$ cat my_file.cif   # mmCIF, C-alpha atoms
data_upload
loop_
_atom_site.label_atom_id
_atom_site.label_comp_id
_atom_site.auth_asym_id
_atom_site.auth_seq_id
_atom_site.Cartn_x
_atom_site.Cartn_y
_atom_site.Cartn_z
CA MET Z 1 -25.14 22.94 -11.90
CA GLY Z 2 -22.56 23.22 -9.13
CA GLN Z 3 -18.87 23.02 -9.82
CA ASP Z 4 -17.15 19.70 -9.05
CA THR Z 5 -14.60 20.41 -6.33
CA THR Z 6 -13.30 16.85 -6.00
CA PRO Z 7 -9.50 17.03 -5.60
CA VAL Z 8 -7.72 15.75 -8.71
CA GLY Z 9 -4.59 13.66 -8.37
CA ARG Z 10 -1.55 15.40 -9.83
CA ASP Z 11 1.33 13.34 -11.22
CA ARG Z 12 4.76 14.18 -9.83
CA PHE Z 13 8.26 12.70 -10.04
CA VAL Z 14 11.19 12.63 -7.64
CA THR Z 15 14.50 10.73 -7.64
CA LEU Z 16 14.90 8.34 -4.71
CA ASN Z 17 18.09 6.35 -4.26
CA GLY Z 18 18.92 6.81 -7.92
CA LEU Z 19 15.50 5.72 -9.24
CA ARG Z 20 13.00 8.08 -10.86
CA THR Z 21 9.90 7.65 -8.75
CA HIS Z 22 6.36 8.59 -9.69
CA TYR Z 23 3.88 9.77 -7.08
CA VAL Z 24 0.41 11.28 -7.08
CA GLU Z 25 -0.62 14.26 -4.97
CA TRP Z 26 -4.11 15.32 -3.90
CA GLY Z 27 -5.03 18.38 -1.81
CA ASP Z 28 -3.16 21.55 -0.93
CA ALA Z 29 0.41 21.67 0.32
CA ASP Z 30 -0.53 23.56 3.51
CA ARG Z 31 -2.68 20.69 4.82
CA PRO Z 32 -1.49 17.82 7.04
CA ALA Z 33 0.42 15.34 4.89
CA LEU Z 34 -0.84 11.76 4.59
CA VAL Z 35 1.47 9.34 2.74
CA MET Z 36 -0.16 6.18 1.33
CA LEU Z 37 1.91 3.11 0.46
CA HIS Z 38 0.45 0.37 -1.74
CA GLY Z 39 0.93 -3.39 -1.71
CA LEU Z 40 3.08 -5.92 -3.56
CA ARG Z 41 1.33 -5.96 -6.97
CA SER Z 42 -0.39 -2.63 -6.71
CA TYR Z 43 0.17 1.04 -7.60
CA ALA Z 44 -0.28 4.59 -6.31
CA ARG Z 45 -3.70 5.23 -7.80
CA THR Z 46 -5.21 2.18 -6.10
CA PHE Z 47 -5.95 4.77 -3.39
CA GLU Z 48 -7.51 7.29 -5.78
CA PRO Z 49 -11.17 6.98 -4.64
CA LEU Z 50 -10.07 7.29 -1.00
CA ALA Z 51 -7.63 10.14 -1.68
CA GLU Z 52 -10.27 12.14 -3.54
CA ARG Z 53 -12.47 11.97 -0.44
CA LEU Z 54 -9.61 13.06 1.82
CA GLY Z 55 -8.13 15.80 -0.35
CA ASP Z 56 -10.27 18.52 1.17
CA HIS Z 57 -8.60 17.99 4.56
CA TYR Z 58 -5.20 16.42 3.84
CA ARG Z 59 -2.31 16.63 1.44
CA VAL Z 60 -2.37 13.04 0.21
CA LEU Z 61 0.82 11.66 -1.35
CA ALA Z 62 0.92 8.19 -2.92
CA PRO Z 63 4.12 6.92 -4.59
CA ASP Z 64 4.46 4.04 -7.03
CA ALA Z 65 6.98 1.80 -5.26
CA ARG Z 66 10.17 0.99 -7.15
CA GLY Z 67 9.46 -1.45 -9.95
CA ARG Z 68 5.77 -0.55 -10.18
CA GLY Z 69 3.56 1.82 -12.14
CA ASP Z 70 5.47 4.74 -13.61
CA SER Z 71 8.47 4.41 -11.28
CA ASP Z 72 11.81 3.03 -12.46
CA TRP Z 73 12.54 -0.65 -12.17
CA ASP Z 74 15.52 -1.51 -9.99
CA PRO Z 75 18.24 -3.11 -12.15
CA ARG Z 76 19.69 -4.75 -9.04
CA GLY Z 77 16.36 -6.34 -8.03
CA GLU Z 78 16.39 -4.67 -4.62
CA TYR Z 79 12.75 -5.33 -3.82
CA TYR Z 80 13.09 -5.76 -0.08
CA THR Z 81 11.77 -3.92 2.97
CA GLU Z 82 15.06 -2.12 3.61
CA SER Z 83 14.94 -0.61 0.11
CA TYR Z 84 11.32 0.49 0.46
CA VAL Z 85 12.07 2.08 3.84
CA ALA Z 86 15.13 3.85 2.40
CA ASP Z 87 12.95 5.18 -0.42
CA LEU Z 88 10.39 6.48 2.06
CA GLU Z 89 13.12 8.14 4.09
CA GLN Z 90 14.32 10.04 1.03
CA PHE Z 91 10.74 10.76 -0.08
CA ALA Z 92 9.95 12.44 3.24
CA ASP Z 93 13.21 14.40 3.17
CA ARG Z 94 12.92 15.52 -0.45
CA LEU Z 95 9.34 16.71 0.02
CA GLY Z 96 10.13 18.40 3.34
CA LEU Z 97 7.71 16.29 5.37
CA GLU Z 98 8.87 17.05 8.89
CA ARG Z 99 5.92 15.23 10.45
CA PHE Z 100 3.20 13.33 8.62
CA LEU Z 101 0.58 10.59 8.72
CA LEU Z 102 1.35 7.21 7.21
CA LEU Z 103 -0.98 4.59 5.73
CA GLY Z 104 0.21 1.31 4.26
CA HIS Z 105 -1.52 -1.66 2.68
CA SER Z 106 0.11 -5.09 2.84
CA MET Z 107 3.73 -4.62 1.65
CA GLY Z 108 3.26 -0.89 2.25
CA GLY Z 109 2.13 -1.76 5.77
CA THR Z 110 5.43 -3.50 6.43
CA THR Z 111 7.25 -0.35 5.33
CA THR Z 112 4.94 1.66 7.58
CA TYR Z 113 5.74 -0.39 10.69
CA VAL Z 114 9.48 -0.22 10.14
CA TYR Z 115 9.66 3.47 9.22
CA ALA Z 116 7.41 4.58 12.09
CA ALA Z 117 9.40 2.55 14.60
CA ARG Z 118 12.68 4.09 13.38
CA HIS Z 119 11.42 7.66 13.06
CA PRO Z 120 8.95 8.22 15.91
CA GLY Z 121 9.40 11.98 15.77
CA ARG Z 122 8.23 12.23 12.18
CA VAL Z 123 5.05 10.13 12.20
CA GLY Z 124 1.93 11.52 13.83
CA ALA Z 125 -0.21 8.40 13.38
CA VAL Z 126 -0.20 5.21 11.33
CA VAL Z 127 -2.90 3.17 9.64
CA VAL Z 128 -2.02 -0.34 8.45
CA GLU Z 129 -4.29 -2.32 6.19
CA ASP Z 130 -4.34 -6.09 6.59
CA ILE Z 131 -0.82 -7.08 7.51
CA GLY Z 132 0.95 -7.92 10.74
CA PRO Z 133 3.95 -9.87 12.01
CA GLY Z 134 4.33 -13.15 10.16
CA SER Z 135 1.72 -12.40 7.50
CA SER Z 136 4.18 -12.54 4.58
CA LEU Z 137 6.08 -15.54 5.93
CA SER Z 138 3.52 -18.24 6.69
CA GLY Z 139 -0.16 -19.02 6.66
CA ALA Z 140 -2.86 -19.39 4.02
CA GLY Z 141 -2.52 -15.83 2.72
CA ALA Z 142 1.25 -16.02 2.32
CA GLU Z 143 0.94 -19.32 0.46
CA ARG Z 144 -1.80 -17.94 -1.77
CA ILE Z 145 0.26 -14.91 -2.75
CA ARG Z 146 3.31 -17.06 -3.48
CA ARG Z 147 1.17 -19.25 -5.77
CA GLU Z 148 -0.31 -16.23 -7.52
CA VAL Z 149 3.08 -14.61 -8.06
CA ALA Z 150 4.56 -17.86 -9.39
CA ASP Z 151 1.61 -18.36 -11.76
CA THR Z 152 1.41 -14.78 -13.05
CA PRO Z 153 1.46 -14.71 -16.88
CA GLY Z 154 4.19 -12.63 -18.46
CA ASP Z 155 1.67 -10.78 -20.63
CA PHE Z 156 -1.82 -11.16 -22.13
CA PRO Z 157 -3.11 -11.47 -25.69
CA SER Z 158 -5.89 -8.96 -24.98
CA ARG Z 159 -7.22 -6.65 -22.31
CA GLU Z 160 -10.22 -8.94 -21.85
CA VAL Z 161 -7.96 -11.88 -21.02
CA ALA Z 162 -6.23 -9.67 -18.46
CA ARG Z 163 -9.62 -8.74 -17.05
CA ALA Z 164 -10.50 -12.41 -16.68
CA TYR Z 165 -7.16 -13.05 -14.96
CA TRP Z 166 -7.76 -10.38 -12.30
CA ARG Z 167 -11.37 -11.49 -11.86
CA GLY Z 168 -10.13 -15.05 -11.37
CA ILE Z 169 -7.78 -14.23 -8.51
CA ARG Z 170 -10.09 -11.61 -6.98
CA PRO Z 171 -13.65 -12.85 -7.65
CA LYS Z 172 -15.29 -10.24 -5.42
CA ILE Z 173 -13.46 -7.21 -6.84
CA SER Z 174 -15.78 -4.35 -7.76
CA GLU Z 175 -16.03 -3.18 -11.36
CA ASP Z 176 -14.51 0.19 -10.43
CA ALA Z 177 -11.55 -1.42 -8.68
CA LEU Z 178 -11.07 -3.87 -11.56
CA GLU Z 179 -11.06 -1.06 -14.13
CA SER Z 180 -8.51 0.85 -12.04
CA ARG Z 181 -6.29 -2.21 -11.85
CA LEU Z 182 -6.44 -2.80 -15.60
CA ARG Z 183 -5.72 0.87 -16.30
CA HIS Z 184 -2.73 1.17 -14.00
CA THR Z 185 -1.03 -2.24 -14.07
CA LEU Z 186 -1.05 -2.86 -17.84
CA ALA Z 187 0.34 -1.15 -20.92
CA PRO Z 188 0.14 -1.99 -24.65
CA GLY Z 189 2.95 -4.25 -25.77
CA ASP Z 190 4.17 -5.73 -29.04
CA GLY Z 191 1.79 -7.43 -31.44
CA GLY Z 192 -1.33 -6.17 -29.74
CA ARG Z 193 -0.49 -7.88 -26.48
CA TRP Z 194 -0.67 -6.25 -23.03
CA ARG Z 195 2.33 -6.22 -20.69
CA TRP Z 196 2.69 -5.55 -16.98
CA LYS Z 197 3.70 -2.13 -15.71
CA PHE Z 198 5.72 -3.75 -12.97
CA ASP Z 199 8.96 -5.69 -12.80
CA LEU Z 200 7.43 -9.14 -12.60
CA ALA Z 201 10.72 -11.05 -12.78
CA GLY Z 202 12.51 -8.97 -10.15
CA ILE Z 203 9.58 -8.78 -7.74
CA ALA Z 204 8.85 -12.49 -8.13
CA ALA Z 205 12.48 -13.40 -7.42
CA ALA Z 206 12.49 -11.40 -4.18
CA ARG Z 207 9.13 -12.86 -3.12
CA LEU Z 208 9.60 -16.50 -4.15
CA ASP Z 209 13.31 -16.96 -3.40
CA PRO Z 210 14.08 -14.31 -0.78
CA ASP Z 211 17.38 -13.78 0.91
CA PRO Z 212 16.71 -14.98 4.49
CA ALA Z 213 18.96 -12.23 5.83
CA ARG Z 214 16.63 -9.63 4.28
CA GLN Z 215 13.49 -10.87 6.06
CA VAL Z 216 12.10 -8.53 8.74
CA ASP Z 217 10.63 -9.52 12.09
CA LEU Z 218 7.82 -7.01 12.59
CA TRP Z 219 7.14 -7.73 16.26
CA PRO Z 220 9.90 -5.39 17.53
CA CYS Z 221 8.57 -2.67 15.22
CA VAL Z 222 5.00 -3.16 16.44
CA GLU Z 223 6.17 -2.93 20.04
CA ALA Z 224 8.30 0.16 19.28
CA LEU Z 225 5.48 2.27 17.81
CA ARG Z 226 5.13 5.52 19.75
CA CYS Z 227 2.20 7.08 17.89
CA PRO Z 228 -1.50 6.18 17.65
CA ALA Z 229 -1.98 3.26 15.27
CA LEU Z 230 -5.02 1.71 13.61
CA VAL Z 231 -4.80 -1.79 12.13
CA VAL Z 232 -7.65 -2.50 9.70
CA ARG Z 233 -8.32 -6.17 9.00
CA GLY Z 234 -10.58 -7.63 6.35
CA GLY Z 235 -13.19 -9.79 8.03
CA ARG Z 236 -12.61 -12.60 5.52
CA SER Z 237 -8.86 -11.97 5.15
CA ASP Z 238 -6.59 -15.00 4.92
CA PHE Z 239 -3.50 -12.80 5.39
CA LEU Z 240 -3.82 -11.20 8.83
CA PRO Z 241 -5.22 -13.64 11.41
CA ALA Z 242 -7.59 -12.12 13.96
CA ALA Z 243 -5.43 -13.61 16.72
CA THR Z 244 -2.35 -11.76 15.42
CA ALA Z 245 -4.22 -8.45 15.33
CA ALA Z 246 -5.43 -9.01 18.90
CA GLU Z 247 -1.90 -9.83 20.08
CA MET Z 248 -0.57 -6.64 18.47
CA ALA Z 249 -3.07 -4.56 20.45
CA ARG Z 250 -2.19 -6.47 23.61
CA ARG Z 251 1.53 -5.80 23.22
CA ASN Z 252 1.16 -2.11 22.37
CA PRO Z 253 -1.71 -0.10 23.91
CA LEU Z 254 -1.34 2.59 21.22
CA ILE Z 255 -2.71 0.13 18.66
CA ARG Z 256 -6.40 -0.24 18.05
CA THR Z 257 -7.82 -2.79 15.62
CA VAL Z 258 -10.98 -3.04 13.56
CA ASP Z 259 -12.41 -5.83 11.41
CA ILE Z 260 -14.38 -4.87 8.30
CA PRO Z 261 -17.09 -7.50 7.67
CA GLY Z 262 -17.10 -9.03 4.21
CA ALA Z 263 -13.81 -7.48 3.13
CA GLY Z 264 -10.80 -9.50 2.06
CA HIS Z 265 -7.16 -8.48 1.87
CA TYR Z 266 -7.90 -5.34 -0.20
CA VAL Z 267 -10.12 -3.63 2.35
CA HIS Z 268 -9.96 -0.21 0.68
CA ASP Z 269 -11.34 -1.81 -2.52
CA ASP Z 270 -13.83 -4.22 -0.96
CA ALA Z 271 -15.44 -1.86 1.55
CA PRO Z 272 -14.49 1.71 0.57
CA ASP Z 273 -17.17 3.45 2.64
CA LEU Z 274 -16.40 1.56 5.84
CA PHE Z 275 -12.67 1.94 5.31
CA HIS Z 276 -13.08 5.70 4.88
CA HIS Z 277 -15.35 5.86 7.94
CA HIS Z 278 -12.89 4.11 10.24
CA LEU Z 279 -9.88 5.95 8.80
CA THR Z 280 -11.33 9.43 9.22
CA GLY Z 281 -12.73 8.64 12.65
CA PHE Z 282 -9.31 7.47 13.78
CA LEU Z 283 -7.47 10.45 12.32
CA ARG Z 284 -9.88 12.87 13.98
CA SER Z 285 -9.34 11.23 17.34
CA ALA Z 286 -5.58 10.64 17.08
CA GLU Z 287 -2.92 13.07 18.24
CA VAL Z 288 -1.72 14.11 14.80
CA VAL Z 289 0.00 17.03 13.15
CA ARG Z 290 -2.12 20.16 12.65
#
$ encode --input "my_file.cif" --output "structure tokens"
Amino acid sequence: MGQDTTPVGRDRFVTLNGLRTHYVEWGDADRPALVMLHGLRSYARTFEPLAERLGDHYRVLAPDARGRGDSDWDPRGEYYTESYVADLEQFADRLGLERFLLLGHSMGGTTTYVYAARHPGRVGAVVVEDIGPGSSLSGAGAERIRREVADTPGDFPSREVARAYWRGIRPKISEDALESRLRHTLAPGDGGRWRWKFDLAGIAAARLDPDPARQVDLWPCVEALRCPALVVRGGRSDFLPAATAAEMARRNPLIRTVDIPGAGHYVHDDAPDLFHHHLTGFLRSAEVVR
């Protein structure tokens, strides 16, 4: 029997802006670096199946954003784009990433747009999964996420109840993706209950009652991108309208877009093979770091 050479994710920690931050690393340090940023209620290892497939060619780095997973919660409740961008700036500096590839899903996509626009010399190419200008502010997807965040239970009496919760808000989630979500977003609590591994109160406050001055207009960032960019949209997404994706490509010729049929907002979960296919095809064709 042959030896399994699948890259294994290694847990690491680094301090970013005073917060102990957990990240996972796949692949060897001498390969091109690819940083993956997860979404609002997600975690670093949401990308694990994808990262394992990429680890033979890239050094994949996926942090738990502040307030999520095994990273510190922010006692000040600074769960805004500026804070996430500042964390990424320190992450790149601390790890010595002079030039790297950047992939972001949803909230992580917002960070990706802003960071890449501000630091064009450090980003070789970007991939953004299912978010564009206005996605978090208005529309069916934004309203759905606000409802879900507002209605999120504080904890669960059992793991099976938590399973039913996730299945209820994501009916088409695969069993593998559901198991990953249960494993990495929940921890045993008091009295046999299960608690969230993210700062529900702080994140909900920033999402449901945001400071208007902290909101970010992504159109200038989209127009300022100076590297090849791929925007991946779920074909049945309610979060990134097809018209918005088309307008992004019209405003910036470095952006190409692709729709993944049948996928919703979590494209990397819903259509992992197609997501991997389009991602690797883009990275092979893009002018990236070697």
$ residues_around --input "my_file.cif" --residues "Arg59 of chain Z" --least-positions-apart "6" --cutoff "12 Å" --atoms "all atoms listed in the file" --output "PyMOL selection string"
chain Z and resi 7-10+24-36+51-53+95+97+100-102+289-290
$ write_last_selection --input "my_file.cif" --atoms "C-alpha atoms" --output "PDB file, in the frame of the given file"
ATOM      1  CA  PRO Z   7      -9.500  17.030  -5.600  1.00  0.00           C
ATOM      2  CA  VAL Z   8      -7.720  15.750  -8.710  1.00  0.00           C
ATOM      3  CA  GLY Z   9      -4.590  13.660  -8.370  1.00  0.00           C
ATOM      4  CA  ARG Z  10      -1.550  15.400  -9.830  1.00  0.00           C
ATOM      5  CA  VAL Z  24       0.410  11.280  -7.080  1.00  0.00           C
ATOM      6  CA  GLU Z  25      -0.620  14.260  -4.970  1.00  0.00           C
ATOM      7  CA  TRP Z  26      -4.110  15.320  -3.900  1.00  0.00           C
ATOM      8  CA  GLY Z  27      -5.030  18.380  -1.810  1.00  0.00           C
ATOM      9  CA  ASP Z  28      -3.160  21.550  -0.930  1.00  0.00           C
ATOM     10  CA  ALA Z  29       0.410  21.670   0.320  1.00  0.00           C
ATOM     11  CA  ASP Z  30      -0.530  23.560   3.510  1.00  0.00           C
ATOM     12  CA  ARG Z  31      -2.680  20.690   4.820  1.00  0.00           C
ATOM     13  CA  PRO Z  32      -1.490  17.820   7.040  1.00  0.00           C
ATOM     14  CA  ALA Z  33       0.420  15.340   4.890  1.00  0.00           C
ATOM     15  CA  LEU Z  34      -0.840  11.760   4.590  1.00  0.00           C
ATOM     16  CA  VAL Z  35       1.470   9.340   2.740  1.00  0.00           C
ATOM     17  CA  MET Z  36      -0.160   6.180   1.330  1.00  0.00           C
ATOM     18  CA  ALA Z  51      -7.630  10.140  -1.680  1.00  0.00           C
ATOM     19  CA  GLU Z  52     -10.270  12.140  -3.540  1.00  0.00           C
ATOM     20  CA  ARG Z  53     -12.470  11.970  -0.440  1.00  0.00           C
ATOM     21  CA  LEU Z  95       9.340  16.710   0.020  1.00  0.00           C
ATOM     22  CA  LEU Z  97       7.710  16.290   5.370  1.00  0.00           C
ATOM     23  CA  PHE Z 100       3.200  13.330   8.620  1.00  0.00           C
ATOM     24  CA  LEU Z 101       0.580  10.590   8.720  1.00  0.00           C
ATOM     25  CA  LEU Z 102       1.350   7.210   7.210  1.00  0.00           C
ATOM     26  CA  VAL Z 289       0.000  17.030  13.150  1.00  0.00           C
ATOM     27  CA  ARG Z 290      -2.120  20.160  12.650  1.00  0.00           C
TER      28      ARG Z 290
END
$ residues_around --input "my_file.cif" --residues "segment 189-193 of chain Z" --least-positions-apart "4" --cutoff "12 Å" --atoms "all atoms listed in the file" --output "NGL selection string"
:Z and (153-162 or 197)
$ residues_around --input "my_file.cif" --residues "Phe198 of chain Z" --least-positions-apart "2" --cutoff "6 Å" --atoms "all atoms listed in the file" --output "ChimeraX atom specification"
/Z:67-68,196,200
$ resolve_selection --input "my_file.cif" --expression "the PyMOL selection byres ((chain Z and resi 214) around 10)" --output "VMD selection string"
chain Z and resid 79 to 82 206 210 to 213 215 to 217
$ closest_residue --input "my_file.cif" --among "Z:Tyr43, Z:Phe13, Z:Tyr23, Z:Phe239" --to "Gly139 of chain Z" --atoms "all atoms listed in the file"
Z:Phe239
$ atom_distance --input "my_file.cif" --atom1 "atom CA of His38 of chain Z" --atom2 "atom CA of His105 of chain Z"
5.2 Å
$ atom_distance --input "my_file.cif" --atom1 "atom CA of Ala205 of chain Z" --atom2 "atom CA of Lys172 of chain Z"
28.0 Å
